[in-house]
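**Q** Contents of my_file-v3.cif (mmCIF, C-alpha atoms and all ligand atoms) are below:
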data_target
#
loop_
_atom_site.label_atom_id
_atom_site.label_comp_id
_atom_site.auth_asym_id
_atom_site.auth_seq_id
_atom_site.Cartn_x
_atom_site.Cartn_y
_atom_site.Cartn_z
CA MET A 383 161.84 55.27 101.86
CA ALA A 384 162.14 58.75 103.41
CA LEU A 385 162.09 58.77 107.20
CA GLU A 386 158.97 60.31 108.73
CA LYS A 387 159.87 63.56 110.52
CA GLU A 388 159.28 63.73 114.26
CA ARG A 389 156.14 65.78 114.98
CA VAL A 390 156.07 68.15 117.90
CA CYS A 391 153.64 70.84 119.02
CA VAL A 392 154.50 74.35 120.26
CA THR A 393 151.74 76.24 122.06
CA GLY A 394 151.89 80.03 121.63
CA ALA A 395 153.93 79.60 118.43
CA GLY A 396 153.52 83.24 117.36
CA GLY A 397 154.77 84.76 120.64
CA TYR A 398 158.26 86.06 121.35
CA LEU A 399 159.80 82.88 122.79
CA GLY A 400 157.43 80.53 120.93
CA SER A 401 158.63 81.88 117.56
CA TRP A 402 162.27 81.12 118.41
CA VAL A 403 161.36 77.64 119.62
CA VAL A 404 159.55 77.02 116.31
CA LYS A 405 162.48 78.41 114.32
CA PHE A 406 165.01 76.16 116.08
CA LEU A 407 162.78 73.09 115.78
CA LEU A 408 162.35 73.69 112.03
CA SER A 409 166.09 74.12 111.65
CA LYS A 410 166.53 70.69 113.29
CA ASP A 411 164.08 69.11 110.84
CA TYR A 412 161.13 68.57 113.16
CA PHE A 413 157.62 68.81 111.76
CA VAL A 414 155.98 71.47 113.94
CA HIS A 415 152.34 71.94 114.91
CA GLY A 416 152.14 75.54 116.14
CA THR A 417 149.13 76.83 118.06
CA VAL A 418 148.02 80.43 117.56
CA ARG A 419 144.76 82.05 118.57
CA GLU A 420 144.25 83.80 115.25
CA PRO A 421 146.12 82.23 112.32
CA SER A 422 145.21 85.06 109.94
CA ASP A 423 146.37 87.82 112.31
CA GLU A 424 149.16 90.09 110.95
CA LYS A 425 151.18 89.37 114.09
CA ASN A 426 151.72 85.75 113.01
CA VAL A 427 152.92 86.35 109.42
CA HIS A 428 156.58 86.02 110.43
CA LEU A 429 156.00 82.32 111.11
CA SER A 430 155.34 81.49 107.47
CA LYS A 431 158.62 83.21 106.52
CA LEU A 432 160.77 80.98 108.74
CA GLU A 433 163.10 78.64 106.90
CA LYS A 434 161.39 75.30 106.13
CA ALA A 435 158.04 76.65 107.38
CA SER A 436 156.32 76.02 104.06
CA GLU A 437 157.03 72.27 104.25
CA ASN A 438 157.27 71.61 107.98
CA LEU A 439 155.07 74.03 109.92
CA LYS A 440 151.34 73.62 110.31
CA LEU A 441 149.41 76.21 112.31
CA PHE A 442 146.42 75.24 114.45
CA LYS A 443 143.87 77.71 115.75
CA ALA A 444 143.70 76.97 119.46
CA ASP A 445 142.78 78.72 122.67
CA LEU A 446 144.23 77.28 125.87
CA LEU A 447 140.78 77.37 127.45
CA ASP A 448 139.24 75.28 124.67
CA TYR A 449 140.34 71.71 125.36
CA ASN A 450 139.33 70.27 122.00
CA SER A 451 141.26 72.91 120.08
CA VAL A 452 144.38 72.13 122.15
CA LEU A 453 143.91 68.38 121.68
CA SER A 454 143.57 68.72 117.88
CA ALA A 455 146.97 70.42 117.73
CA ILE A 456 148.64 67.82 119.95
CA VAL A 457 147.27 64.61 118.44
CA GLY A 458 149.98 62.84 116.41
CA CYS A 459 152.87 64.57 118.21
CA THR A 460 155.57 62.81 120.21
CA GLY A 461 156.62 65.97 121.99
CA VAL A 462 154.93 69.15 123.21
CA PHE A 463 156.47 72.50 124.16
CA HIS A 464 153.96 74.38 126.28
CA VAL A 465 155.05 77.99 125.87
CA ALA A 466 151.73 79.89 125.73
CA SER A 467 150.63 81.88 128.77
CA PRO A 468 149.49 85.49 129.13
CA VAL A 469 152.38 87.90 129.79
CA PRO A 470 150.91 91.37 130.31
CA SER A 471 152.93 94.59 129.91
CA THR A 472 150.81 96.47 132.40
CA THR A 473 148.41 95.68 135.23
CA VAL A 474 145.27 93.89 134.12
CA PRO A 475 141.78 94.81 135.40
CA ASN A 476 140.65 91.23 135.98
CA PRO A 477 143.69 89.05 136.78
CA GLU A 478 141.64 85.95 137.63
CA VAL A 479 140.09 85.85 134.16
CA GLU A 480 142.86 87.41 132.07
CA LEU A 481 145.89 85.77 133.66
CA ILE A 482 145.31 83.03 136.17
CA GLU A 483 142.63 81.02 134.41
CA PRO A 484 144.39 80.81 131.01
CA ALA A 485 147.71 80.00 132.70
CA VAL A 486 146.39 77.33 135.07
CA LYS A 487 143.47 75.81 133.18
CA GLY A 488 145.52 76.17 130.00
CA THR A 489 148.34 74.12 131.52
CA PHE A 490 145.83 71.54 132.75
CA ASN A 491 144.32 71.28 129.26
CA VAL A 492 147.73 70.90 127.61
CA MET A 493 148.83 68.22 130.11
CA LYS A 494 145.53 66.37 129.75
CA ALA A 495 145.75 66.46 125.95
CA CYS A 496 149.35 65.19 126.15
CA HIS A 497 148.18 62.30 128.31
CA GLU A 498 145.28 61.50 125.99
CA ALA A 499 147.46 61.72 122.87
CA LYS A 500 150.21 59.59 124.49
CA VAL A 501 152.86 62.26 124.02
CA LYS A 502 156.33 61.02 125.00
CA ARG A 503 157.65 64.18 126.66
CA VAL A 504 156.24 67.61 127.53
CA VAL A 505 158.43 70.63 128.18
CA VAL A 506 156.58 73.27 130.18
CA VAL A 507 157.88 76.85 130.13
CA SER A 508 157.41 78.24 133.60
CA SER A 509 159.33 81.29 134.87
CA LEU A 510 161.59 82.64 137.56
CA ALA A 511 158.35 84.33 138.61
CA ALA A 512 157.38 80.91 140.04
CA VAL A 513 160.67 80.74 141.96
CA VAL A 514 161.66 84.05 143.45
CA MET A 515 158.66 85.62 145.20
CA ASN A 516 159.52 84.53 148.72
CA PRO A 517 159.86 87.23 151.36
CA ASN A 518 161.53 84.78 153.75
CA TRP A 519 164.43 83.94 151.47
CA PRO A 520 167.68 85.31 152.95
CA GLU A 521 169.02 88.20 150.85
CA GLY A 522 172.24 87.24 149.07
CA GLN A 523 171.59 83.48 149.20
CA VAL A 524 171.59 81.89 145.74
CA MET A 525 168.21 80.58 144.55
CA ASP A 526 167.99 77.24 142.80
CA GLU A 527 165.45 74.64 141.61
CA THR A 528 164.24 73.94 145.16
CA CYS A 529 162.86 77.49 145.54
CA TRP A 530 159.18 78.30 145.00
CA SER A 531 157.30 81.58 145.04
CA ASP A 532 154.94 81.96 147.97
CA LYS A 533 151.42 81.99 146.48
CA GLU A 534 149.91 83.85 149.42
CA PHE A 535 152.62 86.51 149.20
CA CYS A 536 151.97 86.90 145.43
CA ARG A 537 148.27 87.31 146.18
CA THR A 538 148.66 89.85 148.99
CA THR A 539 151.17 91.89 146.97
CA LYS A 540 148.88 91.61 143.89
CA ASN A 541 151.68 90.08 141.87
CA TRP A 542 149.25 88.35 139.55
CA TYR A 543 151.68 87.29 136.84
CA CYS A 544 153.90 85.58 139.44
CA LEU A 545 150.84 83.93 140.94
CA SER A 546 149.67 82.73 137.51
CA LYS A 547 153.04 81.14 136.75
CA THR A 548 153.39 79.57 140.20
CA GLU A 549 149.89 78.10 140.08
CA ALA A 550 150.40 76.92 136.49
CA GLU A 551 153.68 75.20 137.32
CA SER A 552 152.10 73.50 140.36
CA GLU A 553 149.30 72.32 138.08
CA ALA A 554 151.80 70.85 135.59
CA LEU A 555 153.65 69.11 138.41
CA GLU A 556 150.53 67.66 139.96
CA TYR A 557 149.03 66.47 136.68
CA GLY A 558 152.34 65.09 135.42
CA LYS A 559 152.96 63.12 138.61
CA THR A 560 149.40 61.84 138.92
CA TYR A 561 149.24 60.57 135.34
CA GLY A 562 152.88 59.50 134.97
CA LEU A 563 153.67 61.91 132.13
CA ASP A 564 157.32 62.48 131.23
CA PHE A 565 157.64 66.24 131.71
CA VAL A 566 160.45 68.75 132.19
CA ILE A 567 160.05 72.34 133.38
CA VAL A 568 162.20 75.29 132.30
CA CYS A 569 162.06 78.50 134.36
CA PRO A 570 163.60 81.39 132.42
CA SER A 571 164.46 84.75 133.93
CA HIS A 572 163.79 88.06 132.14
CA ILE A 573 164.15 87.32 128.42
CA LEU A 574 165.80 89.78 126.03
CA GLY A 575 167.23 89.34 122.55
CA PRO A 576 166.02 89.83 118.99
CA LEU A 577 162.35 89.76 118.05
CA LEU A 578 161.18 87.57 115.19
CA GLN A 579 157.69 89.05 115.26
CA SER A 580 156.82 92.66 114.39
CA THR A 581 155.08 93.46 117.69
CA VAL A 582 156.91 94.16 120.93
CA ASN A 583 156.27 91.76 123.83
CA ALA A 584 156.30 92.66 127.54
CA SER A 585 159.88 91.70 128.44
CA SER A 586 161.33 93.48 125.38
CA SER A 587 159.28 96.61 126.08
CA PHE A 588 161.19 96.89 129.38
CA LEU A 589 164.44 97.47 127.43
CA VAL A 590 162.72 99.65 124.81
CA ASN A 591 161.40 101.88 127.62
CA LEU A 592 164.83 102.09 129.29
CA LEU A 593 166.17 103.45 126.00
CA LYS A 594 163.29 105.75 125.17
CA GLU A 595 161.54 107.11 128.20
CA GLY A 596 164.23 109.23 129.88
CA TYR A 597 162.92 108.40 133.39
CA GLU A 598 163.94 111.02 135.97
CA SER A 599 164.67 108.36 138.58
CA MET A 600 164.50 104.57 138.77
CA GLU A 601 165.04 102.05 141.52
CA ASN A 602 168.24 100.10 140.91
CA GLN A 603 166.45 96.76 141.13
CA PRO A 604 168.27 93.56 140.28
CA ARG A 605 167.58 92.17 136.80
CA VAL A 606 168.18 88.57 135.84
CA ILE A 607 168.63 88.35 132.10
CA VAL A 608 168.80 85.59 129.54
CA ASP A 609 168.80 85.64 125.75
CA VAL A 610 165.69 84.39 123.95
CA ARG A 611 167.83 82.17 121.70
CA ASP A 612 169.52 80.60 124.73
CA VAL A 613 166.10 79.93 126.30
CA ALA A 614 164.93 78.27 123.08
CA GLU A 615 168.11 76.13 123.15
CA ALA A 616 167.41 75.23 126.79
CA VAL A 617 163.88 74.18 125.95
CA LEU A 618 165.12 71.95 123.11
CA LEU A 619 167.80 70.48 125.35
CA ALA A 620 165.16 69.70 127.98
CA TYR A 621 163.27 67.82 125.28
CA GLU A 622 166.11 66.02 123.58
CA LYS A 623 168.27 64.94 126.50
CA PRO A 624 166.78 61.73 127.90
CA GLU A 625 168.34 62.43 131.31
CA ALA A 626 166.60 65.82 131.67
CA GLU A 627 164.24 65.78 134.66
CA GLY A 628 162.39 68.13 136.98
CA ARG A 629 162.93 71.86 136.97
CA TYR A 630 165.68 73.93 135.39
CA LEU A 631 166.32 77.57 136.18
CA CYS A 632 167.42 79.30 132.99
CA THR A 633 169.27 82.55 133.57
CA ALA A 634 172.58 84.08 132.50
CA TYR A 635 173.29 87.54 133.97
CA THR A 636 172.26 89.21 137.22
CA MET A 637 172.85 92.93 137.53
CA GLY A 638 171.25 96.10 138.82
CA ILE A 639 169.32 98.19 136.29
CA ARG A 640 172.01 100.86 136.63
CA ASP A 641 174.71 98.45 135.39
CA LEU A 642 172.43 97.30 132.59
CA VAL A 643 171.94 100.92 131.55
CA ASP A 644 175.70 101.61 131.74
CA LYS A 645 176.45 98.57 129.61
CA THR A 646 173.82 99.53 127.01
CA LYS A 647 174.98 103.14 127.03
CA SER A 648 178.55 102.05 126.28
CA LEU A 649 177.20 100.38 123.12
CA TYR A 650 174.53 102.96 122.17
CA PRO A 651 175.31 106.28 123.87
CA ASN A 652 172.57 108.38 122.28
CA TYR A 653 169.30 107.07 123.67
CA ASN A 654 167.19 108.73 126.34
CA TYR A 655 168.35 106.72 129.38
CA PRO A 656 167.14 107.05 133.01
CA LYS A 657 168.75 110.05 134.67
CA SER A 658 169.30 108.73 138.18
CA PHE A 659 168.84 105.68 140.39
CA THR A 660 167.80 104.97 143.93
CA GLU A 661 169.15 101.94 145.75
CA GLY A 662 167.50 98.54 145.14
CA GLY A 663 167.87 95.03 146.57
CA GLN A 664 170.10 92.10 145.78
CA PHE A 665 169.31 88.84 144.09
CA MET A 666 171.09 85.71 142.87
CA ALA A 667 169.90 82.62 141.02
CA SER A 668 171.87 79.73 139.59
CA SER A 669 171.50 77.82 136.32
CA GLU A 670 174.16 75.26 137.25
CA LYS A 671 171.75 72.36 136.82
CA LEU A 672 170.96 73.44 133.25
CA GLN A 673 174.64 73.95 132.50
CA ARG A 674 175.32 70.40 133.66
CA LEU A 675 172.80 69.30 131.02
CA GLY A 676 175.01 70.96 128.38
CA TRP A 677 173.51 74.46 128.24
CA SER A 678 175.61 77.57 127.76
CA TYR A 679 174.76 81.22 127.12
CA ARG A 680 176.05 83.96 124.91
CA PRO A 681 177.71 87.24 125.95
CA LEU A 682 175.35 89.94 127.23
CA GLU A 683 176.76 92.40 124.70
CA GLU A 684 175.51 90.21 121.85
CA THR A 685 172.03 90.07 123.41
CA LEU A 686 171.88 93.85 123.80
CA ILE A 687 173.15 94.64 120.30
CA ASP A 688 170.90 92.08 118.61
CA SER A 689 167.89 93.26 120.64
CA ILE A 690 168.37 96.91 119.78
CA GLU A 691 169.10 96.22 116.12
CA SER A 692 165.91 94.15 115.90
CA TYR A 693 163.84 96.95 117.53
CA ARG A 694 165.26 99.38 114.96
CA LYS A 695 164.48 97.01 112.10
CA ALA A 696 160.91 96.60 113.36
CA GLY A 697 160.52 100.39 113.64
CA ILE A 698 160.01 100.18 117.41
CA LEU A 699 163.10 102.29 118.08
CA ASN A 700 164.89 104.94 115.99
N1 LIG A 801 159.54 87.06 128.23
C1 LIG A 801 160.03 86.78 129.44
O1 LIG A 801 160.81 87.54 130.03
C2 LIG A 801 159.66 85.48 130.09
C3 LIG A 801 160.38 85.09 131.23
C4 LIG A 801 160.07 83.88 131.84
C5 LIG A 801 159.07 83.07 131.34
N2 LIG A 801 158.38 83.49 130.24
C6 LIG A 801 157.33 82.59 129.75
O2 LIG A 801 157.58 82.32 128.39
C7 LIG A 801 156.34 82.09 127.71
C8 LIG A 801 156.26 82.96 126.47
O3 LIG A 801 156.33 84.32 126.86
P1 LIG A 801 156.72 85.46 125.82
O4 LIG A 801 157.61 86.39 126.50
O5 LIG A 801 157.10 84.85 124.52
O6 LIG A 801 155.31 86.21 125.70
P2 LIG A 801 154.38 86.56 124.46
O7 LIG A 801 155.18 86.98 123.29
O8 LIG A 801 153.36 87.49 124.99
O9 LIG A 801 153.72 85.16 124.13
C9 LIG A 801 152.70 84.63 124.89
C10 LIG A 801 151.99 83.62 124.02
O10 LIG A 801 150.92 83.03 124.79
C11 LIG A 801 149.78 82.97 123.97
N3 LIG A 801 148.55 82.97 124.77
C12 LIG A 801 148.21 83.78 125.78
N4 LIG A 801 146.98 83.48 126.24
C13 LIG A 801 146.54 82.44 125.48
C14 LIG A 801 145.34 81.67 125.43
N5 LIG A 801 144.32 81.90 126.25
N6 LIG A 801 145.24 80.69 124.50
C15 LIG A 801 146.25 80.45 123.64
N7 LIG A 801 147.41 81.14 123.62
C16 LIG A 801 147.54 82.12 124.53
C17 LIG A 801 149.87 84.20 123.10
O11 LIG A 801 149.08 83.99 121.97
P3 LIG A 801 148.48 85.22 121.12
O12 LIG A 801 149.60 85.61 120.20
O13 LIG A 801 147.33 84.63 120.45
O14 LIG A 801 148.15 86.31 122.08
C18 LIG A 801 151.36 84.22 122.80
O15 LIG A 801 151.66 83.40 121.70
C19 LIG A 801 155.23 82.35 128.75
O16 LIG A 801 154.86 81.12 129.31
C20 LIG A 801 155.95 83.22 129.79
O17 LIG A 801 155.35 83.12 131.04
C21 LIG A 801 158.66 84.66 129.60
#
Re-express the file's structure as structure tokens.
Ligand SMILES: NC(=O)c1ccc[n+]([C@@H]2O[C@H](COP(=O)([O-])OP(=O)(O)OC[C@H]3O[C@@H](n4cnc5c(N)ncnc54)[C@H](OP(=O)(O)O)[C@@H]3O)[C@@H](O)[C@H]2O)c1

**A**
Amino acid sequence: MALEKERVCVTGAGGYLGSWVVKFLLSKDYFVHGTVREPSDEKNVHLSKLEKASENLKLFKADLLDYNSVLSAIVGCTGVFHVASPVPSTTVPNPEVELIEPAVKGTFNVMKACHEAKVKRVVVVSSLAAVVMNPNWPEGQVMDETCWSDKEFCRTTKNWYCLSKTEAESEALEYGKTYGLDFVIVCPSHILGPLLQSTVNASSSFLVNLLKEGYESMENQPRVIVDVRDVAEAVLLAYEKPEAEGRYLCTAYTMGIRDLVDKTKSLYPNYNYPKSFTEGGQFMASSEKLQRLGWSYRPLEETLIDSIESYRKAGILN
């Protein structure tokens, strides 16, 4: 008798990171329930083209704010990867409604559905945005899993995305602890790497703009970069390793934007790069805990080349 495949659910399956998580799960022979808001939307067609998708991927129409739609996708699954959350490219007019509510209530709904459906483990994708926004952290001191963004500071500086991720992670933590759910949290830094979908997401548009816009001057802010494929691996590791627990920062390279531009320029000299830089701050974060779990990351050069080649293939960049 053929063994029944393990069923898992990925929320936000059609997004940038979600698509890679689905791809890796399919390649490891999981049966995947993927949630998307609009299954017939052009932007999700890449999912049906993934290897083994025709047999092992089932899409569910679900909005994070609609509990029953979330529950329908999760019922029957032993594991859930909560990836969906709004990630805007620009400022949003109504952050409470557009960002914070879907992130926080969405996380609550996913956790509640996991509890109701007796899911064995939930992996929640948070962000370094929930870690680093702390004005009192000494410059130059390495940040780790004990660090949390200051919600009040996020609010007063109108850093709504950071607030949404910090509140959402707190929600996951509180619900998980209260109801005894087995959950693991992964906090990736700025994600780059190839796109599977045809539309450009917010973190990739940062690199596209660096190559295209020809900015006169830019602040040499620190950037903390990780490859989308390495994040997907981290998320799977967090699910599959029984000893995984708590939070994991997931980041590979820290560098100023100027160094990032220099590195990219050495590979692709002919784009319209920023012309000058003003001084920025310093920042350091460690993924040692994740590395102890068995995680490793690829060379930055590979991330940059594969990103740019995928933008060209998608017609986003010449
Ligand atoms: N990219 C980064 O640099 C980065 C870094 C750290 C953490 N993260 C986290 O990684 C996760 C994925 O981000 P991404 O970069 O892959 O962004 P993305 O491509 O914009 O994907 C976001 C996903 O969330 C879904 N979503 C948003 N609001 C929703 C709602 N109300 N109901 C259901 N689904 C909803 C979107 O679905 P639709 O397709 O229907 O809009 C989309 O699939 C997020 O949790 C983000 O905070 C990203």

**Q** I'd like to know which of A:Leu619, A:Val610, A:Val504, A:Ala511 is closest to A:Asn583, using all atoms listed in the file.

**A**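 For A:Asn583, the nearest of the candidates is A:Val610.
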
**Q** Calculated over only C-alpha atoms, which of the candidates A:Ser546, A:Thr660, A:Ser430, A:Gln603 has the smallest distance to A:Pro484?

**A**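 Once distances to A:Pro484 are computed over only C-alpha atoms, the minimum belongs to A:Ser546.
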
**Q** Name the residues, by chain letter and number, that sit within 8 Å of ligand LIG 801 (chain A) using only C-alpha atoms and all ligand atoms, and give them as number ranges by chain.

**A** A: 393-401, 417-420, 425-426, 444-447, 464-470, 481, 484-485, 488, 507-511, 547, 569-574, 582-586, 610

**Q** Could you check which of A:Pro651, A:Ala626, A:Asp644, A:Ile567 is closest to A:Gly676, using only C-alpha atoms?

**A** A:Ala626

**Q** May I have the residues within 8 Å of A:Phe659 as a CSV table (one decimal) with C-alpha atoms, in the frame of the given file, using all atoms listed in the file and disregarding those fewer than 2 positions away in the same chain?

**A**
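around_7.csv, written as the output of this step:
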chain,number,residue,atom,x,y,z
A,599,SER,CA,164.7,108.4,138.6
A,600,MET,CA,164.5,104.6,138.8
A,601,GLU,CA,165.0,102.0,141.5
A,602,ASN,CA,168.2,100.1,140.9
A,640,ARG,CA,172.0,100.9,136.6
A,656,PRO,CA,167.1,107.0,133.0
A,657,LYS,CA,168.8,110.0,134.7
A,661,GLU,CA,169.2,101.9,145.8

**Q** Please write as a count of residues only the list of polymer residues whose atoms come within 10 Å of (157.7, 65.6, 138.5), counting all atoms listed in the file and keeping to the coordinates of the file.

**A** 17

**Q** For A:Ala495, which residue among A:Tyr449, A:Trp519, A:Phe535, A:Trp530 is the nearest when counting only C-alpha atoms?

**A**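 Among A:Tyr449, A:Trp519, A:Phe535, A:Trp530, it is A:Tyr449 that comes nearest to A:Ala495.
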
**Q** Pick the closest to A:Tyr655 from A:Ile698, A:Leu589, A:Ala620, A:Val474: which is it, counting only C-alpha atoms?

**A**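 Using only C-alpha atoms, the shortest distance to A:Tyr655 belongs to A:Leu589.
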
**Q** A:Lys502, A:Thr539, A:Lys695, A:Leu441: which is nearest A:Pro624, counting all atoms listed in the file?

**A**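 Closest to A:Pro624, using all atoms listed in the file: A:Lys502.
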
**Q** Taking 2 positions as the minimum chain separation for residues in the same chain, which residues sit within 8 Å of A:Ile456 when counting all atoms listed in the file? Answer as a PyMOL selection string.

**A** chain A and resi 390-391+415+452-454+458-459+462+495-496+499

**Q** What's the separation between atom CA of A:Asn518 and atom CA of A:Gln664, in Å to one decimal place?

**A**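 Those two atoms sit 13.8 Å apart.
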
**Q** Would you save stretch 670-694 of chain A to a file, keeping N, CA and C atoms, as a compact mmCIF listing (two decimals), in the first residue's frame?

**A**
# COMPACT_ATOMS: atom_id res chain seq x y z
N GLU A 670 23.71 32.59 14.23
CA GLU A 670 24.43 31.43 14.78
C GLU A 670 23.49 30.32 15.25
N LYS A 671 22.36 30.74 15.86
CA LYS A 671 21.43 29.73 16.39
C LYS A 671 20.90 28.85 15.25
N LEU A 672 20.58 29.51 14.13
CA LEU A 672 20.06 28.78 12.97
C LEU A 672 21.15 27.88 12.36
N GLN A 673 22.36 28.39 12.36
CA GLN A 673 23.47 27.59 11.82
C GLN A 673 23.70 26.34 12.69
N ARG A 674 23.49 26.50 13.99
CA ARG A 674 23.64 25.32 14.87
C ARG A 674 22.57 24.27 14.58
N LEU A 675 21.47 24.71 13.99
CA LEU A 675 20.39 23.78 13.63
C LEU A 675 20.72 23.05 12.31
N GLY A 676 21.79 23.51 11.65
CA GLY A 676 22.20 22.85 10.40
C GLY A 676 22.03 23.72 9.16
N TRP A 677 21.72 25.01 9.37
CA TRP A 677 21.48 25.91 8.23
C TRP A 677 22.79 26.47 7.70
N SER A 678 22.86 26.64 6.39
CA SER A 678 24.00 27.35 5.81
C SER A 678 23.46 28.22 4.68
N TYR A 679 24.29 29.13 4.18
CA TYR A 679 23.81 30.03 3.13
C TYR A 679 24.80 30.08 1.99
N ARG A 680 24.26 30.47 0.84
CA ARG A 680 25.07 30.45 -0.38
C ARG A 680 25.85 31.76 -0.54
N PRO A 681 26.83 31.79 -1.47
CA PRO A 681 27.58 33.02 -1.69
C PRO A 681 26.69 34.16 -2.20
N LEU A 682 27.00 35.37 -1.77
CA LEU A 682 26.22 36.54 -2.19
C LEU A 682 26.21 36.71 -3.71
N GLU A 683 27.36 36.40 -4.32
CA GLU A 683 27.46 36.53 -5.77
C GLU A 683 26.37 35.72 -6.49
N GLU A 684 26.15 34.52 -5.98
CA GLU A 684 25.13 33.65 -6.59
C GLU A 684 23.74 34.28 -6.45
N THR A 685 23.49 34.86 -5.27
CA THR A 685 22.19 35.52 -5.05
C THR A 685 22.01 36.66 -6.04
N LEU A 686 23.06 37.48 -6.19
CA LEU A 686 22.93 38.66 -7.05
C LEU A 686 22.74 38.25 -8.52
N ILE A 687 23.55 37.31 -8.97
CA ILE A 687 23.46 36.88 -10.38
C ILE A 687 22.09 36.25 -10.64
N ASP A 688 21.66 35.36 -9.76
CA ASP A 688 20.38 34.68 -9.99
C ASP A 688 19.20 35.65 -9.90
N SER A 689 19.32 36.66 -9.01
CA SER A 689 18.26 37.68 -8.92
C SER A 689 18.16 38.42 -10.25
N ILE A 690 19.30 38.95 -10.68
CA ILE A 690 19.28 39.81 -11.87
C ILE A 690 18.86 39.02 -13.11
N GLU A 691 19.35 37.79 -13.22
CA GLU A 691 18.94 36.98 -14.37
C GLU A 691 17.42 36.72 -14.34
N SER A 692 16.88 36.54 -13.14
CA SER A 692 15.43 36.28 -13.07
C SER A 692 14.63 37.55 -13.39
N TYR A 693 15.16 38.74 -13.01
CA TYR A 693 14.45 39.99 -13.37
C TYR A 693 14.47 40.17 -14.89
N ARG A 694 15.59 39.79 -15.51
CA ARG A 694 15.69 39.93 -16.97
C ARG A 694 14.70 38.98 -17.65
